[in-house]
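Note sheet for the following structure.
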Amino acid sequence: MAWVAEARQGQARAGWLHTAHGTVPTPTFMPVGTKATVKAMTADAVRATGAGVVLGNTYHLMLRPGAERVAALGGLHKVMDWPGPILTDSGGFQVMSLGALRKLDEDGVTFRSHIDGSPHRLTPESSTAIQHDLDADITMAFDECPALPAPKAVLEASMERSMRWAARSRKAFKARPGYGQFGIVQGGTDRELRLRSIKALVAIGFEGYAIGGLAVGEPQAEMFATLDYTAPALPEDKPRYLMGVGTPDDMLGAVMRGVDMFDCVMPSRAGRTARAYTERGALNLRNARFKDDPRPLSPYEPSPLNRYSRAYLHHLFRTDEILGPMLLTWHNLAYYQRLMRLIRAHVVAGDLEGFAAFLRAQWALG
Ligand SMILES: CNc1nc2cc3c(cc2[nH]1)N=C(N)NC3
């Protein structure tokens, strides 16, 4: 797997991510397909949004249906009918964030399934093997994700363990043309720890680098301040992935600070809860003001869903029709993809600053 830069503007980059399952323009937004499905979306609908890379998840897939079963059925691409590139997260964050009763030791994590309480274990080696079985184009290193906020000593010990686990993940990775593995920068919002983490990961050497430990509830200003020194410290010629981010405004600011790849459950989760992302900010379609609104959701933009009125979507959510979450998830993901395409075009055109001001003014219209 390789990333090639096409254009730069300030810290922002426009590039091409070449993988075994196709080439994707960056910056790119990766819809979350945790359990081998982007919730409420058929694979054709995901394609129609213009998505490039789809995310899968080691933790969820190892529990159900099991990585061996996915491998026996031909791998994730075949099982979920997604011929494009797939990135799988390594499980560490989910074990921590799902609060699955976990016991951490130097070798790995023992935890109980959040589904049935059955005992399981993940190590850098087993997580890497699972992601190989899933046939992920991009494998994430197995890291330890400390609950934040945490004292510096705790962050330091956790980051150092994650770096030892990154080395073990790299050793366990089976290199194949078109496939790659990303290291994950840890260290909370502590500058010294983050820069040490970057140094350790670059010394191991990965095809790309992810920034972890953000998008866990910290204010946007704090996330941007961390990016201001973290992104430029990562290798210029490798893709940078900000995990779990974010809103349209988060992604715009992160692209301007040098980030190339994003994933977030927001647009799909919002689609299921009647929250619509549009070029003029977010709308709550359950609100009675949409009862008779004949306009499409994005009247100023081409969207596959402009054949439907806001009144119709309001009706679907008010009557709990399954089509409501399906159409709105499709709309939100299509908006995220269109936004990324426009941002990329303005990086290439060299006028991203001006376009950012335009976007922010539009979002403020509400
Ligand atoms: C929603 N925010 C978020 N922050 C993350 C941070 C990480 C992650 C996933 C995340 N999602 N996966 C990892 N393997 N490590 C760090």
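In the structure tokens, chains take letters A, B, ... by order of appearance, with residues numbered from 1 within each chain and ligands from 1 in the order shown.
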Per DSSP on the backbone, what are the alpha helix (DSSP H) residues of stretch 190-308 of chain A, as a ChimeraX atom specification?
-> /A:191-204,220-230,248-255,266-272
Go through chain A and flag each residue having an atom no more than 9 Å from ligand 1; for those, report the closest pair of atoms plus their distance in Å to one decimal, using only C-alpha atoms and all ligand atoms, ordered by chain and rising number, as JSON lines.
```
{"residue": "A:Asp89", "atom": "CA", "partner": "ligand 1", "partner_atom_place_in_ligand_line": "14 (N)", "distance": 5.5}
{"residue": "A:Ser90", "atom": "CA", "partner": "ligand 1", "partner_atom_place_in_ligand_line": "14 (N)", "distance": 5.2}
{"residue": "A:Gly91", "atom": "CA", "partner": "ligand 1", "partner_atom_place_in_ligand_line": "14 (N)", "distance": 5.9}
{"residue": "A:Gly92", "atom": "CA", "partner": "ligand 1", "partner_atom_place_in_ligand_line": "14 (N)", "distance": 5.1}
{"residue": "A:Phe93", "atom": "CA", "partner": "ligand 1", "partner_atom_place_in_ligand_line": "12 (N)", "distance": 4.6}
{"residue": "A:Gln94", "atom": "CA", "partner": "ligand 1", "partner_atom_place_in_ligand_line": "12 (N)", "distance": 7.2}
{"residue": "A:Ser97", "atom": "CA", "partner": "ligand 1", "partner_atom_place_in_ligand_line": "11 (N)", "distance": 8.8}
{"residue": "A:Met140", "atom": "CA", "partner": "ligand 1", "partner_atom_place_in_ligand_line": "14 (N)", "distance": 6.6}
{"residue": "A:Ala141", "atom": "CA", "partner": "ligand 1", "partner_atom_place_in_ligand_line": "14 (N)", "distance": 6.9}
{"residue": "A:Phe142", "atom": "CA", "partner": "ligand 1", "partner_atom_place_in_ligand_line": "14 (N)", "distance": 6.2}
{"residue": "A:Asp143", "atom": "CA", "partner": "ligand 1", "partner_atom_place_in_ligand_line": "14 (N)", "distance": 5.7}
{"residue": "A:Glu144", "atom": "CA", "partner": "ligand 1", "partner_atom_place_in_ligand_line": "15 (N)", "distance": 7.1}
{"residue": "A:Cys145", "atom": "CA", "partner": "ligand 1", "partner_atom_place_in_ligand_line": "15 (N)", "distance": 6.0}
{"residue": "A:Ile184", "atom": "CA", "partner": "ligand 1", "partner_atom_place_in_ligand_line": "15 (N)", "distance": 6.4}
{"residue": "A:Val185", "atom": "CA", "partner": "ligand 1", "partner_atom_place_in_ligand_line": "16 (C)", "distance": 8.0}
{"residue": "A:Gln186", "atom": "CA", "partner": "ligand 1", "partner_atom_place_in_ligand_line": "16 (C)", "distance": 7.5}
{"residue": "A:Ala210", "atom": "CA", "partner": "ligand 1", "partner_atom_place_in_ligand_line": "16 (C)", "distance": 7.9}
{"residue": "A:Ile211", "atom": "CA", "partner": "ligand 1", "partner_atom_place_in_ligand_line": "16 (C)", "distance": 7.1}
{"residue": "A:Gly212", "atom": "CA", "partner": "ligand 1", "partner_atom_place_in_ligand_line": "16 (C)", "distance": 3.8}
{"residue": "A:Gly213", "atom": "CA", "partner": "ligand 1", "partner_atom_place_in_ligand_line": "6 (C)", "distance": 4.7}
{"residue": "A:Leu214", "atom": "CA", "partner": "ligand 1", "partner_atom_place_in_ligand_line": "4 (N)", "distance": 5.3}
{"residue": "A:Ala215", "atom": "CA", "partner": "ligand 1", "partner_atom_place_in_ligand_line": "2 (N)", "distance": 4.4}
{"residue": "A:Val216", "atom": "CA", "partner": "ligand 1", "partner_atom_place_in_ligand_line": "2 (N)", "distance": 5.2}
{"residue": "A:Gly217", "atom": "CA", "partner": "ligand 1", "partner_atom_place_in_ligand_line": "2 (N)", "distance": 8.2}
{"residue": "A:Leu242", "atom": "CA", "partner": "ligand 1", "partner_atom_place_in_ligand_line": "4 (N)", "distance": 8.0}
{"residue": "A:Met243", "atom": "CA", "partner": "ligand 1", "partner_atom_place_in_ligand_line": "10 (C)", "distance": 4.8}
{"residue": "A:Gly244", "atom": "CA", "partner": "ligand 1", "partner_atom_place_in_ligand_line": "2 (N)", "distance": 3.6}
{"residue": "A:Val245", "atom": "CA", "partner": "ligand 1", "partner_atom_place_in_ligand_line": "2 (N)", "distance": 6.4}
{"residue": "A:Gly246", "atom": "CA", "partner": "ligand 1", "partner_atom_place_in_ligand_line": "1 (C)", "distance": 8.0}
{"residue": "A:Asp263", "atom": "CA", "partner": "ligand 1", "partner_atom_place_in_ligand_line": "11 (N)", "distance": 8.0}
{"residue": "A:Cys264", "atom": "CA", "partner": "ligand 1", "partner_atom_place_in_ligand_line": "1 (C)", "distance": 6.5}
{"residue": "A:Val265", "atom": "CA", "partner": "ligand 1", "partner_atom_place_in_ligand_line": "1 (C)", "distance": 7.6}
```
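Shortest separation to A:Tyr277 among A:Ala334, A:Leu193, A:Ile86, A:Ala254 occurs at residue A:Ala334, atoms counted being only C-alpha atoms.
In this comparison, which uses only C-alpha atoms, the residue of A:Ala129, A:Ala233, A:Ala40, A:Ala288 approaching A:Arg318 most closely is A:Ala288.
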In terms of only C-alpha atoms, the residue from A:Gly354, A:Pro304, A:Gly183, A:Pro325 at minimal distance from A:Arg240 is A:Gly183
Just the residues within 10 Å of A:Lys39, please, counting only C-alpha atoms, with nothing from its chain fewer than 5 positions along; format it as an MDAnalysis selection string. chainID A and resid 31:34 265 268:269 271:272 325:326 329:330
Preceding selection exported with C-alpha atoms as an mmCIF file, in the first residue's frame:
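The result, written out as result.cif:
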```
data_model
loop_
_atom_site.group_PDB
_atom_site.id
_atom_site.type_symbol
_atom_site.label_atom_id
_atom_site.label_comp_id
_atom_site.auth_asym_id
_atom_site.auth_seq_id
_atom_site.Cartn_x
_atom_site.Cartn_y
_atom_site.Cartn_z
ATOM 1 C CA PRO A 31 -17.688 5.157 6.734
ATOM 2 C CA VAL A 32 -17.777 2.877 9.773
ATOM 3 C CA GLY A 33 -18.843 -0.696 8.999
ATOM 4 C CA THR A 34 -18.209 -2.173 12.459
ATOM 5 C CA VAL A 265 -19.875 7.104 13.469
ATOM 6 C CA SER A 268 -24.368 7.162 10.150
ATOM 7 C CA ARG A 269 -25.501 7.335 13.805
ATOM 8 C CA GLY A 271 -28.868 9.211 10.121
ATOM 9 C CA ARG A 272 -30.601 6.768 12.453
ATOM 10 C CA PRO A 325 -32.825 5.848 8.851
ATOM 11 C CA MET A 326 -31.883 4.286 5.495
ATOM 12 C CA THR A 329 -27.843 7.678 6.611
ATOM 13 C CA TRP A 330 -27.392 7.653 2.844
#
```
Students should find that atom CA of A:Ala5 and atom CA of A:Val24 are spaced 12.0 Å
Correct to one decimal, the distance atom CA of A:His120-atom CA of A:Glu156 is 26.4 Å
Practice item. Name the residues of stretch 64-235 of chain A that fall into strand (DSSP E) according to DSSP on the backbone, using the chain letters and numbers of this document, as JSON, numbers by chain. Key: {"A": [86, 87, 88, 89, 102, 103, 104, 109, 110, 111, 112, 119, 120, 121, 122, 138, 139, 140, 180, 181, 182, 183, 184, 185, 208, 209, 210, 211]}
Could you list, as JSON, numbers by chain, every residue within 7 Å of A:Trp363, counting only C-alpha atoms and ignoring same-chain residues fewer than 4 positions away?
{"A": [279, 280, 281, 359]}
Could the residues in this selection be written to a file with N, CA and C atoms, as a compact mmCIF listing (two decimals), in the first residue's frame?
```txt
# COMPACT_ATOMS: atom_id res chain seq x y z
N GLU A 279 -25.22 21.38 3.99
CA GLU A 279 -24.22 22.43 3.81
C GLU A 279 -24.57 23.66 4.66
N ARG A 280 -25.80 23.68 5.20
CA ARG A 280 -26.15 24.83 6.04
C ARG A 280 -26.32 24.41 7.49
N GLY A 281 -25.54 23.41 7.91
CA GLY A 281 -25.59 22.96 9.30
C GLY A 281 -26.51 21.76 9.46
N LEU A 359 -17.27 27.72 3.70
CA LEU A 359 -17.96 26.60 4.37
C LEU A 359 -18.47 27.02 5.76
```
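Closest to A:Asp137 among A:Met266, A:Ala2, A:Ala172, A:Ala7 is A:Ala2, based on only C-alpha atoms.
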For stretch 102-112 of chain A, work out the shell of residues within 10 Å, counting only C-alpha atoms and skipping chain neighbours fewer than 3 positions away, then give it as a PDB file with all heavy atoms, in the first residue's frame.
```pdb
ATOM      1  N   GLY A  91      -8.891  -3.349  17.899  1.00  0.00           N
ATOM      2  CA  GLY A  91      -9.621  -3.897  19.031  1.00  0.00           C
ATOM      3  C   GLY A  91      -9.331  -3.255  20.368  1.00  0.00           C
ATOM      4  O   GLY A  91     -10.170  -3.281  21.268  1.00  0.00           O
ATOM      5  N   GLY A  92      -8.169  -2.627  20.514  1.00  0.00           N
ATOM      6  CA  GLY A  92      -7.789  -2.075  21.818  1.00  0.00           C
ATOM      7  C   GLY A  92      -8.757  -1.007  22.302  1.00  0.00           C
ATOM      8  O   GLY A  92      -9.206  -1.002  23.445  1.00  0.00           O
ATOM      9  N   VAL A  95     -12.211  -2.532  23.300  1.00  0.00           N
ATOM     10  CA  VAL A  95     -12.188  -3.231  24.591  1.00  0.00           C
ATOM     11  C   VAL A  95     -12.252  -2.210  25.721  1.00  0.00           C
ATOM     12  O   VAL A  95     -12.974  -2.368  26.691  1.00  0.00           O
ATOM     13  CB  VAL A  95     -10.917  -4.111  24.721  1.00  0.00           C
ATOM     14  CG1 VAL A  95     -10.778  -4.628  26.138  1.00  0.00           C
ATOM     15  CG2 VAL A  95     -10.966  -5.268  23.743  1.00  0.00           C
ATOM     16  N   MET A  96     -11.511  -1.084  25.531  1.00  0.00           N
ATOM     17  CA  MET A  96     -11.538  -0.047  26.578  1.00  0.00           C
ATOM     18  C   MET A  96     -12.893   0.671  26.572  1.00  0.00           C
ATOM     19  O   MET A  96     -13.543   0.813  27.592  1.00  0.00           O
ATOM     20  CB  MET A  96     -10.406   0.956  26.315  1.00  0.00           C
ATOM     21  CG  MET A  96     -10.244   2.034  27.363  1.00  0.00           C
ATOM     22  SD  MET A  96     -11.323   3.459  27.106  1.00  0.00           S
ATOM     23  CE  MET A  96     -10.553   4.226  25.688  1.00  0.00           C
ATOM     24  N   LEU A  98     -15.819  -0.117  25.312  1.00  0.00           N
ATOM     25  CA  LEU A  98     -17.045  -0.887  25.593  1.00  0.00           C
ATOM     26  C   LEU A  98     -17.091  -1.278  27.065  1.00  0.00           C
ATOM     27  O   LEU A  98     -18.034  -1.879  27.529  1.00  0.00           O
ATOM     28  CB  LEU A  98     -17.103  -2.131  24.691  1.00  0.00           C
ATOM     29  CG  LEU A  98     -17.550  -1.831  23.255  1.00  0.00           C
ATOM     30  CD1 LEU A  98     -17.278  -3.012  22.352  1.00  0.00           C
ATOM     31  CD2 LEU A  98     -19.035  -1.487  23.222  1.00  0.00           C
ATOM     32  N   GLY A  99     -15.964  -0.965  27.764  1.00  0.00           N
ATOM     33  CA  GLY A  99     -15.952  -1.250  29.203  1.00  0.00           C
ATOM     34  C   GLY A  99     -16.023  -2.734  29.465  1.00  0.00           C
ATOM     35  O   GLY A  99     -16.345  -3.168  30.543  1.00  0.00           O
ATOM     36  N   ILE A 115     -21.298  -9.099  24.899  1.00  0.00           N
ATOM     37  CA  ILE A 115     -22.521  -9.739  24.416  1.00  0.00           C
ATOM     38  C   ILE A 115     -22.987 -10.808  25.414  1.00  0.00           C
ATOM     39  O   ILE A 115     -24.112 -10.779  25.891  1.00  0.00           O
ATOM     40  CB  ILE A 115     -22.275 -10.399  23.034  1.00  0.00           C
ATOM     41  CG1 ILE A 115     -21.855  -9.329  22.021  1.00  0.00           C
ATOM     42  CG2 ILE A 115     -23.517 -11.156  22.564  1.00  0.00           C
ATOM     43  CD1 ILE A 115     -21.022  -9.878  20.894  1.00  0.00           C
ATOM     44  N   ASP A 116     -22.036 -11.729  25.748  1.00  0.00           N
ATOM     45  CA  ASP A 116     -22.477 -12.848  26.605  1.00  0.00           C
ATOM     46  C   ASP A 116     -21.525 -13.088  27.778  1.00  0.00           C
ATOM     47  O   ASP A 116     -21.596 -14.113  28.446  1.00  0.00           O
ATOM     48  CB  ASP A 116     -22.573 -14.135  25.775  1.00  0.00           C
ATOM     49  CG  ASP A 116     -21.228 -14.485  25.135  1.00  0.00           C
ATOM     50  OD1 ASP A 116     -20.210 -13.833  25.504  1.00  0.00           O
ATOM     51  OD2 ASP A 116     -21.188 -15.367  24.268  1.00  0.00           O
ATOM     52  N   GLY A 117     -20.562 -12.166  27.968  1.00  0.00           N
ATOM     53  CA  GLY A 117     -19.666 -12.293  29.125  1.00  0.00           C
ATOM     54  C   GLY A 117     -18.603 -13.357  28.963  1.00  0.00           C
ATOM     55  O   GLY A 117     -17.820 -13.611  29.873  1.00  0.00           O
ATOM     56  N   SER A 118     -18.536 -13.992  27.776  1.00  0.00           N
ATOM     57  CA  SER A 118     -17.529 -15.055  27.586  1.00  0.00           C
ATOM     58  C   SER A 118     -16.129 -14.445  27.575  1.00  0.00           C
ATOM     59  O   SER A 118     -15.942 -13.311  27.149  1.00  0.00           O
ATOM     60  CB  SER A 118     -17.794 -15.784  26.258  1.00  0.00           C
ATOM     61  OG  SER A 118     -17.835 -14.830  25.203  1.00  0.00           O
ATOM     62  N   PRO A 119     -15.130 -15.194  28.092  1.00  0.00           N
ATOM     63  CA  PRO A 119     -13.764 -14.669  28.169  1.00  0.00           C
ATOM     64  C   PRO A 119     -13.052 -14.703  26.821  1.00  0.00           C
ATOM     65  O   PRO A 119     -13.214 -15.656  26.053  1.00  0.00           O
ATOM     66  CB  PRO A 119     -13.090 -15.607  29.175  1.00  0.00           C
ATOM     67  CG  PRO A 119     -13.845 -16.885  29.081  1.00  0.00           C
ATOM     68  CD  PRO A 119     -15.245 -16.531  28.661  1.00  0.00           C
ATOM     69  N   HIS A 120     -12.283 -13.648  26.529  1.00  0.00           N
ATOM     70  CA  HIS A 120     -11.506 -13.580  25.281  1.00  0.00           C
ATOM     71  C   HIS A 120     -10.180 -12.896  25.571  1.00  0.00           C
ATOM     72  O   HIS A 120     -10.023 -12.236  26.610  1.00  0.00           O
ATOM     73  CB  HIS A 120     -12.271 -12.778  24.214  1.00  0.00           C
ATOM     74  CG  HIS A 120     -13.548 -13.423  23.801  1.00  0.00           C
ATOM     75  ND1 HIS A 120     -13.646 -14.312  22.766  1.00  0.00           N
ATOM     76  CD2 HIS A 120     -14.803 -13.339  24.347  1.00  0.00           C
ATOM     77  CE1 HIS A 120     -14.898 -14.720  22.654  1.00  0.00           C
ATOM     78  NE2 HIS A 120     -15.617 -14.156  23.611  1.00  0.00           N
ATOM     79  N   ARG A 121      -9.252 -13.026  24.619  1.00  0.00           N
ATOM     80  CA  ARG A 121      -7.959 -12.387  24.816  1.00  0.00           C
ATOM     81  C   ARG A 121      -7.481 -11.817  23.502  1.00  0.00           C
ATOM     82  O   ARG A 121      -7.699 -12.401  22.432  1.00  0.00           O
ATOM     83  CB  ARG A 121      -6.944 -13.425  25.342  1.00  0.00           C
ATOM     84  CG  ARG A 121      -5.572 -12.865  25.677  1.00  0.00           C
ATOM     85  CD  ARG A 121      -4.810 -13.764  26.624  1.00  0.00           C
ATOM     86  NE  ARG A 121      -3.459 -13.252  26.858  1.00  0.00           N
ATOM     87  CZ  ARG A 121      -3.173 -12.200  27.600  1.00  0.00           C
ATOM     88  NH1 ARG A 121      -4.159 -11.516  28.182  1.00  0.00           N
ATOM     89  NH2 ARG A 121      -1.935 -11.781  27.753  1.00  0.00           N
ATOM     90  N   LEU A 122      -6.892 -10.624  23.567  1.00  0.00           N
ATOM     91  CA  LEU A 122      -6.262 -10.029  22.384  1.00  0.00           C
ATOM     92  C   LEU A 122      -4.822  -9.680  22.729  1.00  0.00           C
ATOM     93  O   LEU A 122      -4.529  -9.146  23.809  1.00  0.00           O
ATOM     94  CB  LEU A 122      -7.001  -8.746  21.962  1.00  0.00           C
ATOM     95  CG  LEU A 122      -8.145  -8.888  20.957  1.00  0.00           C
ATOM     96  CD1 LEU A 122      -8.808  -7.533  20.717  1.00  0.00           C
ATOM     97  CD2 LEU A 122      -7.658  -9.472  19.637  1.00  0.00           C
ATOM     98  N   THR A 123      -3.941  -9.986  21.810  1.00  0.00           N
ATOM     99  CA  THR A 123      -2.532  -9.584  21.944  1.00  0.00           C
ATOM    100  C   THR A 123      -2.143  -8.908  20.613  1.00  0.00           C
ATOM    101  O   THR A 123      -2.876  -9.041  19.621  1.00  0.00           O
ATOM    102  CB  THR A 123      -1.620 -10.823  22.125  1.00  0.00           C
ATOM    103  OG1 THR A 123      -1.690 -11.596  20.912  1.00  0.00           O
ATOM    104  CG2 THR A 123      -2.070 -11.665  23.320  1.00  0.00           C
ATOM    105  N   PRO A 124      -1.016  -8.233  20.558  1.00  0.00           N
ATOM    106  CA  PRO A 124      -0.574  -7.661  19.270  1.00  0.00           C
ATOM    107  C   PRO A 124      -0.530  -8.718  18.169  1.00  0.00           C
ATOM    108  O   PRO A 124      -0.933  -8.472  17.033  1.00  0.00           O
ATOM    109  CB  PRO A 124       0.812  -7.117  19.604  1.00  0.00           C
ATOM    110  CG  PRO A 124       0.752  -6.800  21.068  1.00  0.00           C
ATOM    111  CD  PRO A 124      -0.123  -7.872  21.666  1.00  0.00           C
ATOM    112  N   GLU A 125      -0.096  -9.921  18.519  1.00  0.00           N
ATOM    113  CA  GLU A 125       0.010 -10.994  17.526  1.00  0.00           C
ATOM    114  C   GLU A 125      -1.377 -11.482  17.092  1.00  0.00           C
ATOM    115  O   GLU A 125      -1.636 -11.637  15.880  1.00  0.00           O
ATOM    116  CB  GLU A 125       0.813 -12.177  18.103  1.00  0.00           C
ATOM    117  CG  GLU A 125       2.297 -11.870  18.351  1.00  0.00           C
ATOM    118  CD  GLU A 125       2.531 -11.029  19.610  1.00  0.00           C
ATOM    119  OE1 GLU A 125       1.594 -10.900  20.448  1.00  0.00           O
ATOM    120  OE2 GLU A 125       3.640 -10.447  19.721  1.00  0.00           O
ATOM    121  N   SER A 126      -2.285 -11.688  18.059  1.00  0.00           N
ATOM    122  CA  SER A 126      -3.602 -12.254  17.677  1.00  0.00           C
ATOM    123  C   SER A 126      -4.439 -11.212  16.932  1.00  0.00           C
ATOM    124  O   SER A 126      -5.122 -11.519  15.953  1.00  0.00           O
ATOM    125  CB  SER A 126      -4.353 -12.769  18.910  1.00  0.00           C
ATOM    126  OG  SER A 126      -4.708 -11.691  19.764  1.00  0.00           O
ATOM    127  N   SER A 127      -4.338  -9.937  17.337  1.00  0.00           N
ATOM    128  CA  SER A 127      -5.088  -8.879  16.642  1.00  0.00           C
ATOM    129  C   SER A 127      -4.602  -8.759  15.192  1.00  0.00           C
ATOM    130  O   SER A 127      -5.394  -8.639  14.259  1.00  0.00           O
ATOM    131  CB  SER A 127      -4.896  -7.531  17.358  1.00  0.00           C
ATOM    132  OG  SER A 127      -5.388  -6.488  16.553  1.00  0.00           O
ATOM    133  N   PHE A 142      -1.959  -3.009  17.360  1.00  0.00           N
ATOM    134  CA  PHE A 142      -2.732  -3.231  18.584  1.00  0.00           C
ATOM    135  C   PHE A 142      -2.178  -2.323  19.673  1.00  0.00           C
ATOM    136  O   PHE A 142      -0.995  -2.416  20.020  1.00  0.00           O
ATOM    137  CB  PHE A 142      -2.643  -4.700  19.014  1.00  0.00           C
ATOM    138  CG  PHE A 142      -3.520  -5.031  20.199  1.00  0.00           C
ATOM    139  CD1 PHE A 142      -4.903  -4.998  20.078  1.00  0.00           C
ATOM    140  CD2 PHE A 142      -2.964  -5.344  21.432  1.00  0.00           C
ATOM    141  CE1 PHE A 142      -5.719  -5.290  21.160  1.00  0.00           C
ATOM    142  CE2 PHE A 142      -3.778  -5.627  22.525  1.00  0.00           C
ATOM    143  CZ  PHE A 142      -5.149  -5.597  22.391  1.00  0.00           C
ATOM    144  N   ASP A 143      -3.007  -1.435  20.163  1.00  0.00           N
ATOM    145  CA  ASP A 143      -2.521  -0.458  21.149  1.00  0.00           C
ATOM    146  C   ASP A 143      -3.379  -0.519  22.399  1.00  0.00           C
ATOM    147  O   ASP A 143      -4.462  -1.063  22.413  1.00  0.00           O
ATOM    148  CB  ASP A 143      -2.565   0.963  20.561  1.00  0.00           C
ATOM    149  CG  ASP A 143      -3.965   1.337  20.077  1.00  0.00           C
ATOM    150  OD1 ASP A 143      -4.785   0.428  19.830  1.00  0.00           O
ATOM    151  OD2 ASP A 143      -4.241   2.531  19.944  1.00  0.00           O
ATOM    152  N   GLU A 144      -2.852   0.078  23.430  1.00  0.00           N
ATOM    153  CA  GLU A 144      -3.602   0.206  24.677  1.00  0.00           C
ATOM    154  C   GLU A 144      -4.155   1.617  24.750  1.00  0.00           C
ATOM    155  O   GLU A 144      -3.427   2.582  24.506  1.00  0.00           O
ATOM    156  CB  GLU A 144      -2.687  -0.053  25.881  1.00  0.00           C
ATOM    157  CG  GLU A 144      -3.478  -0.162  27.185  1.00  0.00           C
ATOM    158  CD  GLU A 144      -2.800   0.524  28.347  1.00  0.00           C
ATOM    159  OE1 GLU A 144      -1.565   0.408  28.461  1.00  0.00           O
ATOM    160  OE2 GLU A 144      -3.512   1.204  29.122  1.00  0.00           O
ATOM    161  N   ARG A 161       3.967   1.128  26.673  1.00  0.00           N
ATOM    162  CA  ARG A 161       3.492  -0.253  26.420  1.00  0.00           C
ATOM    163  C   ARG A 161       2.956  -0.328  24.985  1.00  0.00           C
ATOM    164  O   ARG A 161       3.263  -1.278  24.257  1.00  0.00           O
ATOM    165  CB  ARG A 161       2.403  -0.642  27.410  1.00  0.00           C
ATOM    166  CG  ARG A 161       1.722  -1.946  27.042  1.00  0.00           C
ATOM    167  CD  ARG A 161       0.811  -2.442  28.143  1.00  0.00           C
ATOM    168  NE  ARG A 161       1.582  -2.948  29.292  1.00  0.00           N
ATOM    169  CZ  ARG A 161       1.018  -3.165  30.491  1.00  0.00           C
ATOM    170  NH1 ARG A 161      -0.247  -2.854  30.712  1.00  0.00           N
ATOM    171  NH2 ARG A 161       1.737  -3.654  31.478  1.00  0.00           N
ATOM    172  N   SER A 162       2.188   0.697  24.571  1.00  0.00           N
ATOM    173  CA  SER A 162       1.648   0.682  23.201  1.00  0.00           C
ATOM    174  C   SER A 162       2.755   0.660  22.170  1.00  0.00           C
ATOM    175  O   SER A 162       2.624   0.048  21.108  1.00  0.00           O
ATOM    176  CB  SER A 162       0.740   1.903  22.977  1.00  0.00           C
ATOM    177  OG  SER A 162      -0.486   1.715  23.646  1.00  0.00           O
ATOM    178  N   ARG A 164       5.707  -0.806  22.620  1.00  0.00           N
ATOM    179  CA  ARG A 164       6.237  -2.175  22.622  1.00  0.00           C
ATOM    180  C   ARG A 164       5.262  -3.068  21.828  1.00  0.00           C
ATOM    181  O   ARG A 164       5.664  -3.935  21.049  1.00  0.00           O
ATOM    182  CB  ARG A 164       6.396  -2.689  24.055  1.00  0.00           C
ATOM    183  CG  ARG A 164       7.498  -1.978  24.851  1.00  0.00           C
ATOM    184  CD  ARG A 164       7.841  -2.705  26.155  1.00  0.00           C
ATOM    185  NE  ARG A 164       6.744  -2.709  27.122  1.00  0.00           N
ATOM    186  CZ  ARG A 164       6.503  -1.720  28.002  1.00  0.00           C
ATOM    187  NH1 ARG A 164       7.280  -0.637  27.990  1.00  0.00           N
ATOM    188  NH2 ARG A 164       5.492  -1.796  28.853  1.00  0.00           N
ATOM    189  N   TRP A 165       3.967  -2.793  22.003  1.00  0.00           N
ATOM    190  CA  TRP A 165       2.957  -3.579  21.280  1.00  0.00           C
ATOM    191  C   TRP A 165       2.986  -3.247  19.791  1.00  0.00           C
ATOM    192  O   TRP A 165       2.714  -4.106  18.938  1.00  0.00           O
ATOM    193  CB  TRP A 165       1.571  -3.310  21.863  1.00  0.00           C
ATOM    194  CG  TRP A 165       1.346  -3.989  23.184  1.00  0.00           C
ATOM    195  CD1 TRP A 165       2.259  -4.719  23.907  1.00  0.00           C
ATOM    196  CD2 TRP A 165       0.129  -4.002  23.942  1.00  0.00           C
ATOM    197  NE1 TRP A 165       1.681  -5.178  25.068  1.00  0.00           N
ATOM    198  CE2 TRP A 165       0.374  -4.752  25.123  1.00  0.00           C
ATOM    199  CE3 TRP A 165      -1.138  -3.438  23.758  1.00  0.00           C
ATOM    200  CZ2 TRP A 165      -0.603  -4.972  26.107  1.00  0.00           C
ATOM    201  CZ3 TRP A 165      -2.112  -3.653  24.727  1.00  0.00           C
ATOM    202  CH2 TRP A 165      -1.843  -4.410  25.882  1.00  0.00           C
ATOM    203  N   ARG A 168       5.647  -5.370  18.267  1.00  0.00           N
ATOM    204  CA  ARG A 168       5.188  -6.754  18.161  1.00  0.00           C
ATOM    205  C   ARG A 168       4.138  -6.893  17.050  1.00  0.00           C
ATOM    206  O   ARG A 168       4.120  -7.872  16.311  1.00  0.00           O
ATOM    207  CB  ARG A 168       4.613  -7.246  19.500  1.00  0.00           C
ATOM    208  CG  ARG A 168       5.695  -7.533  20.532  1.00  0.00           C
ATOM    209  CD  ARG A 168       5.133  -7.797  21.918  1.00  0.00           C
ATOM    210  NE  ARG A 168       4.037  -8.753  21.938  1.00  0.00           N
ATOM    211  CZ  ARG A 168       3.250  -8.955  23.032  1.00  0.00           C
ATOM    212  NH1 ARG A 168       3.444  -8.223  24.129  1.00  0.00           N
ATOM    213  NH2 ARG A 168       2.277  -9.846  22.998  1.00  0.00           N
TER     214      ARG A 168
END
```
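Counting only C-alpha atoms and comparing A:Ala270, A:Thr189, A:Arg310, A:Ile138, the residue that lies closest to A:Leu155 is A:Thr189.
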